[in-house]
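Asker: So I've got this file, work.csv, and it contains CSV, C-alpha atoms:
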chain,number,residue,atom,x,y,z
I,564,MET,CA,128.8,103.3,-9.3
I,565,ASN,CA,125.9,103.1,-6.8
I,566,ARG,CA,123.7,101.4,-9.4
I,567,ILE,CA,126.2,98.6,-10.0
I,568,LYS,CA,126.5,98.1,-6.2
I,569,LYS,CA,122.7,97.8,-5.9
I,570,VAL,CA,122.5,95.3,-8.8
I,571,LEU,CA,125.3,93.3,-7.2
I,572,LYS,CA,123.7,93.2,-3.8
I,573,LYS,CA,120.4,92.1,-5.3
I,574,ALA,CA,122.0,89.4,-7.3
I,575,TYR,CA,123.3,87.8,-4.1
I,576,ASP,CA,120.1,88.5,-2.1
I,577,ILE,CA,119.4,84.9,-1.3
I,578,PRO,CA,116.1,84.0,0.4
I,579,LEU,CA,115.9,84.2,4.2
I,580,SER,CA,117.1,81.0,5.7
I,581,LYS,CA,114.4,78.8,7.4
I,582,GLU,CA,116.9,77.0,9.6
I,583,LYS,CA,118.8,80.1,10.8
I,584,GLU,CA,116.7,80.8,14.0
I,585,ALA,CA,116.6,77.1,15.0
I,586,PHE,CA,120.3,76.7,14.4
I,587,LEU,CA,121.3,79.9,16.3
I,588,GLN,CA,119.1,78.9,19.3
I,589,ARG,CA,120.8,75.5,19.5
I,590,LEU,CA,124.2,77.0,19.0
I,591,ASN,CA,126.2,77.0,22.2
I,592,PHE,CA,128.3,80.1,21.9
I,593,PRO,CA,130.2,81.8,24.7
I,594,LYS,CA,128.1,84.6,26.2
I,595,SER,CA,129.8,87.9,27.0
I,596,SER,CA,130.9,88.4,30.6
I,597,TYR,CA,130.1,91.4,32.8
I,598,LYS,CA,133.7,92.6,32.2
I,599,ASP,CA,133.1,92.6,28.4
I,600,PHE,CA,129.7,94.4,28.9
I,601,PHE,CA,131.4,97.0,31.2
I,602,ILE,CA,134.3,97.7,28.7
I,603,TYR,CA,131.8,97.8,25.8
I,604,GLN,CA,129.9,100.6,27.6
I,605,ILE,CA,132.9,102.9,27.2
I,606,SER,CA,132.3,103.1,23.5
I,607,TYR,CA,128.7,104.2,24.1
I,608,ILE,CA,129.7,107.3,26.1
I,609,GLN,CA,129.8,110.2,23.7
I,610,LYS,CA,133.3,111.4,22.6
I,611,ARG,CA,132.5,115.0,23.6
I,612,VAL,CA,132.3,113.9,27.3
I,613,TRP,CA,135.9,112.6,27.2
I,614,ILE,CA,137.1,115.6,25.1
I,615,LEU,CA,135.3,118.3,27.2
I,616,SER,CA,136.4,116.9,30.6
I,617,THR,CA,140.0,116.6,29.4
I,618,ALA,CA,139.9,120.1,27.9
I,619,LEU,CA,138.6,121.6,31.1
I,620,ILE,CA,141.4,119.9,33.2
I,621,GLY,CA,143.8,121.1,30.5
I,622,LEU,CA,142.4,124.6,30.8
I,623,ILE,CA,142.9,124.6,34.6
I,624,LEU,CA,146.5,123.4,34.3
I,625,MET,CA,147.2,125.9,31.5
I,626,LEU,CA,145.8,128.8,33.7
I,627,LEU,CA,147.8,127.7,36.6
I,628,HIS,CA,150.9,127.5,34.5
I,629,PHE,CA,150.6,130.8,32.6
I,630,GLU,CA,149.2,132.8,35.6
I,631,ASN,CA,152.4,132.0,37.4
I,632,ILE,CA,150.6,132.0,40.8
I,633,THR,CA,152.9,129.7,42.7
I,634,GLY,CA,152.3,130.3,46.4
I,635,ASP,CA,148.9,132.0,46.0
I,636,ALA,CA,146.9,129.0,47.4
I,637,LEU,CA,143.5,130.8,47.3
I,638,LYS,CA,143.9,131.8,43.7
I,639,ILE,CA,144.7,128.2,42.8
I,640,ILE,CA,141.7,126.9,44.7
I,641,TRP,CA,139.6,129.7,43.2
I,642,ILE,CA,140.5,128.7,39.6
I,643,THR,CA,140.3,124.9,40.1
I,644,SER,CA,137.2,124.7,42.3
I,645,SER,CA,135.3,127.1,40.0
I,646,VAL,CA,135.9,125.0,36.9
I,647,LEU,CA,135.4,121.5,38.4
I,648,PRO,CA,131.6,121.8,38.7
I,649,PHE,CA,131.5,122.0,34.9
I,650,ILE,CA,133.3,118.7,34.7
I,651,ALA,CA,130.6,117.3,37.0
I,652,LEU,CA,128.1,118.8,34.7
I,653,VAL,CA,129.6,117.1,31.6
I,654,ALA,CA,129.3,113.7,33.4
I,655,ILE,CA,125.8,114.4,34.6
I,656,THR,CA,124.5,115.4,31.2
I,657,GLU,CA,125.7,112.1,29.8
I,658,ILE,CA,123.9,110.2,32.6
I,659,SER,CA,120.7,112.2,32.1
I,660,ARG,CA,120.9,111.6,28.4
I,661,SER,CA,121.1,107.8,28.9
I,662,MET,CA,118.2,108.1,31.4
I,663,SER,CA,115.9,110.4,29.4
I,664,HIS,CA,116.1,108.2,26.3
I,665,ASN,CA,115.2,105.2,28.6
I,666,MET,CA,117.3,103.0,26.4
I,667,ALA,CA,114.6,100.3,26.6
I,668,GLU,CA,115.8,98.9,23.3
I,669,ILE,CA,119.2,98.1,24.9
I,670,GLU,CA,117.5,96.4,27.7
I,671,MET,CA,115.4,94.3,25.3
I,672,SER,CA,118.5,93.0,23.5
I,673,CYS,CA,120.8,92.9,26.4
I,674,ARG,CA,121.3,90.4,29.2
I,675,TYR,CA,121.8,93.2,31.7
I,676,ASN,CA,119.0,95.6,32.7
I,677,LEU,CA,118.9,99.4,32.5
I,678,ALA,CA,120.0,99.7,36.1
I,679,ASP,CA,123.1,97.6,35.5
I,680,LEU,CA,123.8,99.7,32.4
I,681,MET,CA,123.5,103.0,34.2
I,682,LEU,CA,125.6,101.8,37.1
I,683,ALA,CA,128.3,100.7,34.6
I,684,ARG,CA,128.2,104.2,32.9
I,685,ILE,CA,128.3,106.0,36.2
I,686,SER,CA,131.2,103.9,37.4
I,687,ILE,CA,133.1,104.6,34.1
I,688,LEU,CA,132.5,108.3,34.3
I,689,ALA,CA,133.4,108.4,38.0
I,690,ALA,CA,136.6,106.5,37.3
I,691,PHE,CA,137.5,108.8,34.5
I,692,ASN,CA,136.9,111.9,36.7
I,693,PHE,CA,138.9,110.3,39.5
I,694,ILE,CA,141.9,109.9,37.1
I,695,LEU,CA,141.5,113.5,35.8
I,696,SER,CA,141.3,114.9,39.4
I,697,ASN,CA,144.5,113.0,40.3
I,698,ILE,CA,146.2,114.5,37.3
I,699,LEU,CA,145.0,117.9,38.5
I,700,ILE,CA,146.2,117.4,42.1
I,701,LEU,CA,149.6,116.3,40.7
I,702,GLY,CA,149.7,119.5,38.6
I,703,ILE,CA,148.9,121.7,41.6
I,704,GLN,CA,151.2,119.9,44.0
I,705,GLY,CA,154.2,122.0,45.0
I,706,LYS,CA,152.5,125.2,44.0
I,707,THR,CA,150.9,125.9,47.4
I,708,ALA,CA,151.8,125.4,51.1
I,709,TYR,CA,148.7,123.2,51.6
I,710,SER,CA,149.0,119.5,51.6
I,711,PRO,CA,147.5,117.6,48.6
I,712,ILE,CA,144.7,116.2,50.9
I,713,ARG,CA,143.7,119.7,52.0
I,714,ILE,CA,143.8,121.0,48.5
I,715,SER,CA,141.6,118.0,47.4
I,716,LEU,CA,139.1,118.9,50.2
I,717,TYR,CA,138.8,122.6,49.0
I,718,ILE,CA,138.6,121.6,45.3
I,719,PHE,CA,136.2,118.7,45.5
I,720,VAL,CA,133.6,120.1,47.8
I,721,PRO,CA,132.1,122.3,45.1
I,722,PHE,CA,132.5,119.4,42.6
I,723,LEU,CA,130.7,116.9,44.9
I,724,LEU,CA,128.0,119.5,45.7
I,725,THR,CA,127.3,119.9,42.0
I,726,CYS,CA,127.1,116.1,41.6
I,727,LEU,CA,124.8,115.8,44.6
I,728,ALA,CA,122.5,118.6,43.5
I,729,SER,CA,122.3,117.3,40.0
I,730,LEU,CA,121.5,113.8,41.2
I,731,ILE,CA,118.7,115.1,43.3
I,732,VAL,CA,117.4,116.9,40.3
I,733,LEU,CA,117.6,113.8,38.2
I,734,ASN,CA,115.8,111.8,40.9
I,735,TYR,CA,113.0,114.2,41.7
I,736,ILE,CA,112.4,116.2,38.5
I,737,LYS,CA,111.0,114.1,35.7
I,738,ILE,CA,111.3,116.4,32.7
I,739,LYS,CA,113.5,116.2,29.6
I,740,GLU,CA,115.1,119.6,30.4
I,741,THR,CA,116.9,118.4,33.5
I,742,THR,CA,120.2,119.1,31.7
I,743,TYR,CA,119.5,122.8,31.7
I,744,ILE,CA,118.6,122.8,35.4
I,745,CYS,CA,121.9,120.9,36.1
I,746,GLY,CA,123.7,123.5,34.0
I,747,GLY,CA,122.1,126.3,36.1
I,748,ILE,CA,123.2,124.5,39.3
I,749,SER,CA,126.8,124.2,38.1
I,750,CYS,CA,127.0,127.9,37.2
I,751,PHE,CA,125.4,128.8,40.6
I,752,ILE,CA,127.8,126.6,42.6
I,753,SER,CA,130.8,127.8,40.6
I,754,GLY,CA,129.7,131.5,41.1
I,755,ILE,CA,129.0,131.1,44.9
I,756,ASN,CA,132.3,129.3,45.3
I,757,ALA,CA,134.1,132.2,43.6
I,758,LEU,CA,132.3,134.7,45.9
I,759,ILE,CA,133.1,132.7,49.1
I,760,ILE,CA,136.8,132.5,48.2
I,761,GLY,CA,136.8,136.3,47.4
I,762,SER,CA,135.0,137.4,50.6
I,763,ASN,CA,135.4,134.7,53.2
I,764,GLN,CA,139.0,133.7,53.2
I,765,ILE,CA,138.8,132.7,56.8
I,766,ALA,CA,137.0,129.5,55.7
I,767,TYR,CA,140.3,128.3,54.3
I,768,THR,CA,142.3,128.6,57.5
I,769,ASP,CA,143.4,125.7,59.7
I,770,LYS,CA,140.6,126.3,62.1
I,771,PHE,CA,137.9,125.2,59.6
I,772,VAL,CA,139.6,122.1,58.2
I,773,GLY,CA,137.4,119.8,60.3
I,774,PHE,CA,134.4,121.6,59.0
I,775,TRP,CA,135.5,120.9,55.4
I,776,VAL,CA,136.1,117.3,56.2
I,777,ILE,CA,132.6,116.9,57.6
I,778,ILE,CA,131.1,118.6,54.5
I,779,PHE,CA,133.2,116.3,52.2
I,780,ILE,CA,132.0,113.2,54.0
I,781,ALA,CA,128.4,114.3,54.1
I,782,LEU,CA,128.5,115.0,50.4
I,783,MET,CA,130.0,111.6,49.6
I,784,VAL,CA,127.3,109.9,51.7
I,785,GLY,CA,124.6,112.0,50.0
I,786,ILE,CA,125.9,111.1,46.6
I,787,ILE,CA,126.0,107.4,47.4
I,788,VAL,CA,122.4,107.6,48.8
I,789,GLU,CA,121.2,109.5,45.7
I,790,ILE,CA,122.9,107.0,43.3
I,791,ILE,CA,121.2,104.1,45.1
I,792,ASP,CA,117.9,105.9,44.8
I,793,PHE,CA,118.6,106.7,41.2
I,794,ILE,CA,119.2,103.1,40.3
I,795,ARG,CA,116.2,101.9,42.3
I,796,LYS,CA,114.0,104.4,40.5
I,797,LEU,CA,115.2,103.1,37.2
I,798,GLU,CA,113.9,99.7,38.1
I,799,GLU,CA,110.5,101.3,38.9
I,800,LEU,CA,110.6,103.2,35.6
I,801,HIS,CA,111.1,99.9,33.7
I,802,TRP,CA,108.2,98.3,35.6
I,803,ASN,CA,106.0,101.3,34.7
I,804,LEU,CA,107.1,101.1,31.1
I,805,GLN,CA,106.1,97.4,31.0
I,806,LEU,CA,102.7,98.2,32.4
I,807,THR,CA,102.0,101.0,29.9
I,808,ALA,CA,103.5,99.2,26.8
K,541,MET,CA,132.5,88.0,21.4
K,542,SER,CA,131.8,91.3,19.7
K,543,LEU,CA,130.3,90.0,16.5
K,544,ASP,CA,126.6,90.1,15.9
K,545,ILE,CA,126.0,86.4,15.2
K,546,LYS,CA,122.6,86.9,13.4
K,547,ASP,CA,124.0,89.5,11.1
K,548,GLN,CA,127.2,87.5,10.5
K,549,TYR,CA,125.1,84.4,9.8
K,550,ASP,CA,123.5,86.1,6.8
K,551,LYS,CA,126.8,87.4,5.5
K,552,ILE,CA,128.6,84.1,5.8
K,553,HIS,CA,125.6,82.5,4.1
K,554,LYS,CA,125.9,84.9,1.2
K,555,TYR,CA,129.7,84.3,1.1
K,556,CYS,CA,129.2,80.5,1.0
K,557,TYR,CA,126.6,80.9,-1.7
K,558,PHE,CA,129.0,83.1,-3.7
K,559,LYS,CA,131.6,80.3,-3.4
K,560,THR,CA,129.4,77.2,-4.0
K,561,LYS,CA,126.4,78.7,-6.0
K,562,ASN,CA,124.1,76.4,-4.1
K,563,CYS,CA,121.7,77.8,-1.5
K,564,GLN,CA,121.2,74.7,0.5
K,565,LEU,CA,124.9,73.7,0.5
K,566,ALA,CA,125.7,77.3,1.5
K,567,GLU,CA,123.4,77.0,4.5
K,568,ASP,CA,125.0,73.8,5.6
K,569,LEU,CA,128.5,75.3,5.2
K,570,THR,CA,127.4,78.4,7.1
K,571,GLN,CA,126.3,76.3,10.0
K,572,GLU,CA,129.4,74.2,9.9
K,573,THR,CA,131.5,77.4,9.9
K,574,PHE,CA,129.8,78.6,13.1
K,575,LEU,CA,130.2,75.2,14.8
K,576,LYS,CA,133.9,75.2,13.9
K,577,TYR,CA,134.3,78.8,15.0
K,578,PHE,CA,132.9,78.2,18.4
K,579,SER,CA,134.5,74.8,18.9
K,580,GLN,CA,137.6,76.4,20.2
K,581,THR,CA,137.3,79.8,21.8
K,582,SER,CA,140.9,80.6,22.7
K,583,TYR,CA,141.5,82.4,19.4
K,584,ILE,CA,138.3,84.4,19.3
K,585,ASP,CA,139.1,86.5,22.3
K,586,ARG,CA,142.5,87.7,21.2
K,587,GLY,CA,142.6,87.4,17.4
K,588,LYS,CA,140.7,88.9,14.5
K,589,PRO,CA,137.3,87.1,14.9
K,590,LEU,CA,135.8,88.2,11.6
K,591,ALA,CA,138.8,87.3,9.6
K,592,TYR,CA,138.9,83.9,11.4
K,593,LEU,CA,135.2,83.3,10.6
K,594,TYR,CA,135.7,84.0,6.9
K,595,THR,CA,138.8,81.9,6.7
K,596,ILE,CA,136.9,78.9,8.2
K,597,ALA,CA,134.0,79.5,5.7
K,598,LYS,CA,136.5,79.8,2.8
K,599,ASN,CA,138.3,76.6,3.7
K,600,LEU,CA,135.1,74.7,4.1
K,601,CYS,CA,133.9,75.9,0.7
K,602,ILE,CA,137.2,74.9,-0.9
K,603,ASP,CA,137.0,71.4,0.7
K,604,THR,CA,133.4,71.0,-0.4
K,605,LEU,CA,134.1,72.1,-4.0
K,606,LYS,CA,136.9,69.5,-4.2
K,607,LYS,CA,134.3,66.7,-3.5
K,608,PRO,CA,132.2,65.3,-6.4
K,609,LYS,CA,129.2,67.6,-7.1
K,610,ILE,CA,125.6,66.6,-6.2
K,611,GLU,CA,123.0,68.1,-8.5
K,612,ALA,CA,120.5,70.2,-6.7
K,613,LEU,CA,116.8,69.6,-7.3
K,614,GLY,CA,114.6,72.4,-8.7
K,615,GLU,CA,112.9,74.1,-5.8
K,616,ASP,CA,109.6,75.6,-6.9
K,617,THR,CA,107.8,77.3,-9.7
K,618,THR,CA,108.3,81.0,-10.4
K,619,THR,CA,106.2,83.9,-11.7
K,620,THR,CA,107.2,86.1,-14.7
K,621,ASP,CA,108.3,89.0,-12.5
K,622,GLU,CA,110.4,86.7,-10.4
K,623,LEU,CA,111.8,85.1,-13.5
K,624,THR,CA,113.0,88.5,-14.8
K,625,SER,CA,114.6,89.2,-11.5
K,626,ILE,CA,116.2,85.8,-11.4
K,627,GLU,CA,117.5,86.3,-14.9
K,628,ILE,CA,119.1,89.6,-14.0
K,629,SER,CA,120.6,88.0,-10.9
K,630,PHE,CA,121.9,85.2,-13.0
K,631,VAL,CA,123.6,87.5,-15.5
K,632,VAL,CA,125.2,89.5,-12.6
K,633,ARG,CA,126.4,86.3,-11.0
K,634,GLN,CA,127.8,85.2,-14.3
K,635,ALA,CA,129.6,88.5,-14.7
K,636,MET,CA,131.1,88.0,-11.2
K,637,ASP,CA,132.3,84.6,-12.4
K,638,THR,CA,134.2,86.1,-15.2
K,639,LEU,CA,136.3,88.2,-12.8
K,640,PRO,CA,139.5,86.8,-11.4
K,641,LYS,CA,138.9,85.0,-8.1
K,642,ASP,CA,140.7,87.6,-5.9
K,643,LEU,CA,138.8,90.5,-7.5
K,644,ALA,CA,135.4,88.7,-7.2
K,645,GLU,CA,136.2,88.0,-3.5
K,646,ILE,CA,136.9,91.6,-2.8
K,647,VAL,CA,133.7,92.7,-4.4
K,648,MET,CA,131.8,90.1,-2.4
K,649,LEU,CA,133.2,91.2,0.9
K,650,ARG,CA,133.2,95.0,0.3
K,651,VAL,CA,130.1,95.5,-1.8
K,652,ILE,CA,127.8,92.6,-1.2
K,653,ASN,CA,128.6,91.9,2.5
K,654,GLU,CA,129.3,95.6,3.2
K,655,LEU,CA,132.4,95.0,5.3
K,656,SER,CA,134.7,97.9,6.2
K,657,MET,CA,137.9,98.4,4.3
K,658,ALA,CA,139.9,97.4,7.4
K,659,GLU,CA,137.9,94.2,7.7
K,660,VAL,CA,138.4,93.3,4.0
K,661,CYS,CA,142.1,94.0,4.4
K,662,SER,CA,142.2,91.7,7.4
K,663,ILE,CA,140.4,88.9,5.7
K,664,THR,CA,142.3,89.1,2.4
K,665,GLN,CA,145.6,89.9,4.0
K,666,LEU,CA,146.2,92.7,1.5
K,667,SER,CA,147.0,96.3,2.0
K,668,ARG,CA,144.3,99.0,1.9
K,669,PHE,CA,145.8,100.4,-1.2
K,670,VAL,CA,145.8,97.1,-3.1
K,671,VAL,CA,142.2,96.3,-2.0
K,672,TYR,CA,141.0,99.8,-3.1
K,673,ARG,CA,142.8,99.4,-6.5
K,674,LYS,CA,141.4,95.8,-7.1
K,675,LEU,CA,137.9,96.8,-6.1
K,676,LYS,CA,138.0,99.7,-8.5
K,677,ALA,CA,139.3,97.5,-11.3
K,678,ALA,CA,136.6,94.9,-10.5
K,679,LEU,CA,133.7,97.3,-10.5
K,680,LYS,CA,135.0,98.8,-13.8
K,681,GLN,CA,135.1,95.4,-15.4
K,682,LEU,CA,131.7,94.5,-14.1
K,683,LYS,CA,130.2,97.7,-15.3
K,684,LEU,CA,131.5,97.0,-18.8
K,685,ILE,CA,130.0,93.5,-18.8
K,686,LEU,CA,126.6,94.6,-17.4
K,687,ARG,CA,126.4,97.5,-20.0
K,688,GLU,CA,126.9,95.0,-22.8
K,689,GLU,CA,124.0,93.0,-21.3
K,690,ASP,CA,121.9,96.2,-21.2
K,691,LEU,CA,121.6,95.9,-17.4
K,692,LEU,CA,123.1,99.3,-16.8
K,693,GLU,CA,122.6,102.6,-18.6
Please express the file's structure as structure tokens.
Answerer:
Amino acid sequence: MNRIKKVLKKAYDIPLSKEKEAFLQRLNFPKSSYKDFFIYQISYIQKRVWILSTALIGLILMLLHFENITGDALKIIWITSSVLPFIALVAITEISRSMSHNMAEIEMSCRYNLADLMLARISILAAFNFILSNILILGIQGKTAYSPIRISLYIFVPFLLTCLASLIVLNYIKIKETTYICGGISCFISGINALIIGSNQIAYTDKFVGFWVIIFIALMVGIIVEIIDFIRKLEELHWNLQLTA
Amino acid sequence: MSLDIKDQYDKIHKYCYFKTKNCQLAEDLTQETFLKYFSQTSYIDRGKPLAYLYTIAKNLCIDTLKKPKIEALGEDTTTTDELTSIEISFVVRQAMDTLPKDLAEIVMLRVINELSMAEVCSITQLSRFVVYRKLKAALKQLKLILREEDLLE
């Protein structure tokens, strides 16, 4: 059957059109908007990112459901905040993949540059993680005496710390194996977090809430600064690639 | 618009050539198809762009074939190798002409233009099962004809 398909294709292999290029250049067709470009980027993010992140959130919710730990706030925080750094890792691996492959070919064929492209992907992943974390908070709500905001503080500090540390690695270490370093960071933060909850329960009392808020804000600021730096360095990278091409 | 225009241009060109059997006329019709396609953009954003593009091309070909035919001039001389290849292509195209129009169109879209099953269904407005059945029948028929002509083992 393949032979017949080949013969058929060849029979209709008409010579390349001479007028094609000139016609297409003259053709006034609607260019895709930034919104189209942004939505289109969703399809370029690997399926495993969506599946793994959702599976990790599902795992946390399942653990919370089957462990029957209603009321044990520290155990809830321990489970969720230890798993969340791995969700950050999934997102970071996707960003580092896009960066390490440079994706110069997309930039050549696309109206938007690599920095725009990365920003779009970071925003999509951040939005997705934001939705997942809201689902998680909804799942936890009512199981502890803590307010949702306080729970969010305890849960997201390790998550944000993983994001910040990984972004610093991506910004300052220019090797292909950054994913493994980020993986190590996630495991380290998850482990340290589990140890702190086990040994230093005083950190979760009312007295230290202000301290957690400060750390949270500091991490958020740090992440924004690192993302800006990350995007700026991508522009430099392209400039260097142009010089060496 | 999510279609790759350069790629679609070649495919529509082949499709028009399949319909008109005239390379220059096919090129003109391809360009006219794209001009018509982009002349009103309201449908492109929400409809089935590929099916719409092929429908325009099909209608333009039908309209053109209704008009009195103009004989095309011979283009250039050919070498012996090219002649053999042209002969084979001619026989294959003749075999395609013996097929019923609907079967030939499905072969054109699915095999020659390499559209997905879903896209073929959308253009022909047939179910996946019918398209699959017709394609199988068409290829079987073509295989028999080409075997008779010693083009296939």
Asker: Could the residues of chain K within 9 Å of chain I, counting only C-alpha atoms, be given as a PyMOL selection string, please?
Answerer: chain K and resi 541-542+545-546+549-550+553-555+557-558+563+567+571+574-575+578-579+581+625-626+628-633+636+647-648+651-653+679-680+682-683+686+691-692
Asker: To one decimal in Å, tell me the separation between CA of Ile786 (chain I) and CA of Leu727 (chain I).
Answerer: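 Separation between CA of Ile786 (chain I) and CA of Leu727 (chain I): 5.2 Å.
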Asker: So how many Å separate CA of Ile694 (chain I) and CA of Asn734 (chain I), to one decimal?
Answerer: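 Going from CA of Ile694 (chain I) over to CA of Asn734 (chain I), I get 26.4 Å.
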Asker: Taking all atoms listed in the file into account, which of K:Thr560, K:Ser667, K:Leu590, K:Leu569 comes nearest Asp544 (chain K)?
Answerer: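 When distances to Asp544 (chain K) are compared using all atoms listed in the file, the smallest one comes from K:Leu590.
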Asker: Quick one: pull the distance between CA of Ala689 (chain I) and CA of Met783 (chain I), Å, one decimal.
Answerer: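 Going from CA of Ala689 (chain I) over to CA of Met783 (chain I), I get 12.5 Å.
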Asker: Write out as a list in words the residues lying within 12 Å of Gly773 (chain I), counting only C-alpha atoms and excluding same-chain residues fewer than 5 positions away.
Answerer: Arg713, Leu716, Tyr717, Ala766, Tyr767, Thr768, Ile778, Phe779 and Ile780 of chain I
Asker: Go through K:Glu659, K:Lys559, K:Tyr592, K:Thr638 and flag the residue nearest Thr604 (chain K), using only C-alpha atoms for the distances.
Answerer: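 Comparing K:Glu659, K:Lys559, K:Tyr592, K:Thr638 against Thr604 (chain K), the winner is K:Lys559.
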Asker: Counting only C-alpha atoms, what is within 10 Å of Tyr672 (chain K), bar same-chain residues fewer than 2 positions away, as a list in words?
Answerer: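 Counting only C-alpha atoms, the residues come to Ile646, Arg650, Met657, Val660, Cys661, Leu666, Ser667, Arg668, Phe669, Val670, Lys674, Leu675, Lys676, Ala677 and Ala678 of chain K.
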Asker: Report as an MDAnalysis selection string all protein, DNA and RNA residues lying within 8 Å of region 792-796 of chain I, evaluated on all atoms listed in the file, omitting residues in the same chain fewer than 6 positions from it.
Answerer: chainID I and resid 678 681:682 730 733:734
Asker: Nearest residue to Asn756 (chain I) out of I:Pro721, I:Pro648, I:Gly702, I:Gly621, using all atoms listed in the file?
Answerer: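 Closest to Asn756 (chain I) of all the choices is I:Pro721.
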Asker: Using all atoms listed in the file, find the one residue out of K:Val671, K:Ala566, K:Ile552, K:Leu684 that sits nearest to Thr595 (chain K).
Answerer: K:Ile552
